[in-house]
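Everything on this sheet refers to the single structure shown next.
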Amino acid sequence: MSAIVQFENVGLRYGLDSETLSDVSFSLASGGFYFLTGASGAGKTSLLKLLYLAQRPSRGVIRLFGEDVVTLPRKRLPGFRRRIGVVFQDFRLVPHLSAYDNIALPLRVSGMEEGEIDAPVAEMLNWVGLGDRGQARPATLSGGEQQRVAIARAVIGRPEILVADEPTGNVDADMARRLMTLFEALNRLGTTIVVATHDLPLIAQVSGAQMMRLDKGRLADPTGTLRYPPQSQSKPQGNA
Amino acid sequence: MASRADRKAAAASRHRLLPGGRLAGPMPWIIAIMMFLTVLAAAAGLGLGAAVRSMSADLAGRASVQVVEADAQVRAELAARTLTALRSSSGVRAAEPVDPVALADQLRPWLGDAATSGDLPVPALIDVMLTPGDAEAKIGGLRRLLADVSPKLRIEPHAAFLLPLAGLLTALGWLSAGVVLLMILATGAVVVLAARGAHDSHRGTIDVLHLMGSTDVQIARLFQRRIGLDALMGSALGFSFAAFVILLIGLRLAATGSDLIGAVELDMRGWLILVALPIFGVTLATLTARWTVLRALGRAL
């Protein structure tokens with residue numbers, strides 16, 4: 001399986017502070033399902049920011065889709081970003097847009113014709129169980145509903161990589177299970193999934209997923225070898 | 001190919017990305033006030049320019065000949081000879097005696113009925129229009145010609161007494177042009193501030209759009225459209241009100257019946273320039289907004 005993401009000795013420092021991430025090296029196979037764990041403040045969100053191109057590293061090399069994105073000219077970044085779906089920890093829904101319009105955003109950004117947008121957005125709303133809340137503004141949705149809108153928005157463009165930062169943080173156990181099922185379905189369609197979470201039972205749910213653990217800005221396994229989840233000894237299935 | 005309805009729906013959804021409706025903020029009103037002042041200043045400059053041009057034509061090509069003779073009969077004979085001499089001169093396009101009655105009417109406010117009594121030796125006047133060309137040389141030639149006719153003849157080019165006024169009007173015209181320039185700069189500055197403010201207040205939305213793969217140009221287009229529309233509404237409002245005021249002032253000027261004040265007028269070219277100002281203002285605002293937002297976006301990753 002080819003590597004879709006490669007980090008080599010990546011370090012990230014904000015201003016003059018000590019490094020938030022140090023010597024991070026790993027590679028993710030195309031079509032894999034990965035969990036990123038670690039205590040609060042371990043650097044999970046920072047690592048994801050590097051992954052979804054919201055931040056450039058202070059040092060090291062990051063390759064996405066086979067290209068070095070650290071030295072990539074700024075004008076080429078949008079093309080890469082359109083291939084990555086992101087579920088933010090704080091959802092980042094556009095507050096004055098309806099759930100429908102929030103979910104449709106990636107399609108409109110990519111220039112899809114308006115007539116072709118309605119069907120996938122409606123399907124996605126139903127997929128996350130919000131078929132009747134399409135016109136609701138984020139402020140009128142519960143935390144769990146907002147999270148589902150954020151997830152729908154992240155996956156509607158069929159990204160090659162889906163990055164999710166604590167996607168089950170605001171939903172109950174049942175909804176968390178359903179979301180993981182959605183992610184697995186997406187993964188079976190070939191999308192590489194990277195989920196940051198410290199919910200170990202959730203990790204155990206996904207058979208074949210691999211886990212990376214961050215500890216104080218460093219990958220806990222110094223060799224960079226990814227571990228299997230504790231309760232699952234099955235090998236990664238990738239895009240099975 | 002996208003249908004018209006599709007394109008309209010796509011445009012509407014894009015426009016929803018930034019909140020707020022028309023005339024929602026102070027921007028259109030500020031632009032309206034600035035456009036109002038700009039159009040008034042430009043109209044003043046153009047009107048004064050027209051007056052100076054009109055006056056300059058008079059200054060360059062007109063003169064008055066005075067027949068200073070106390071005896072009324074001799075004065076009339078001398079005026080007739082002078083008129084003949086002037087009309088035969090190659091430098092004179094036209095020479096007309098000023099009607100003594102009209103002259104007396106103009107003097108009456110200062111001299112009372114004495115102006116028409118005949119007791120007061122009021123000089124006879126002849127209006128002279130010169131042929132196009134070097135007016136100063138022609139005045140010199142006429143001065144020599146009149147000296148040959150009689151020592152009691154004097155010629156006075158109109159430039160001698162209208163030149164300072166023309167200078168004042170020219171200076172006022174340039175002042176108006178300066179005011180227009182300053183207003184344009186101020187409009188640009190207001191748009192820069194508004195665009196920066198809008199960019200800052202919508203940073204969350206911009207970040208999300210960026211991370212979804214929006215290009216800088218896509219995002220800047222949202223802002224330039226919003227500010228362009230604000231500028232369009234403000235400019236239309238400001239221009240309409242200014243045009244109304246200009247028309248009112250024009251009616252007032254015409255009512256004075258003064259040739260000099262009446263020369264302050266706007267021709268078709270002047271109106272076209274005034275109409276171009278709001279168009280220029282909207283274009284300036286749109287381009288400035290685009291440039292400002294692109295610069296701000298360029299600082300982010």
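By order in the structure tokens, chains are A, B, ...; within a chain, residues start at 1; ligands start at 1, following the order shown.
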
Kindly provide, as an NGL selection string, the residues of chain A having any atom no farther than 9 Å from an atom of chain B, counting only C-alpha atoms. :A and (52-56 or 74-75 or 77-86 or 92-97 or 101 or 105-106 or 108-110 or 113-115 or 154)

Can you pull out every residue within 12 Å of Ala173 in chain A, counting only C-alpha atoms, but drop anything in the same chain fewer than 6 positions away, and send it as JSON, numbers by chain? {"A": [144, 167, 179, 180, 199, 201, 202, 205]}

Can you list, as a VMD selection string, every residue of range 12-100 of chain B that DSSP puts in helix (DSSP H, G or I)? chain B and resid 12 to 15 27 to 61 72 to 88 100

Using only C-alpha atoms, determine which residues lie at most 10 Å from Pro132 in chain B, disregarding the query and same-chain residues fewer than 4 positions distant; provide the list as a JSON list (two decimals) with C-alpha atoms, in the first residue's frame.
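For reference, result-v1.json as written:
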```
[["chain", "number", "residue", "atom", "x", "y", "z"],
["B", 57, "ALA", "CA", -12.68, 84.41, -24.97],
["B", 60, "ALA", "CA", -8.71, 87.90, -25.60],
["B", 61, "GLY", "CA", -10.99, 89.33, -28.27],
["B", 91, "GLY", "CA", -8.01, 93.37, -37.04],
["B", 92, "VAL", "CA", -11.63, 94.12, -36.22],
["B", 93, "ARG", "CA", -14.33, 91.51, -36.68],
["B", 138, "LYS", "CA", -4.11, 94.04, -32.66]]
```
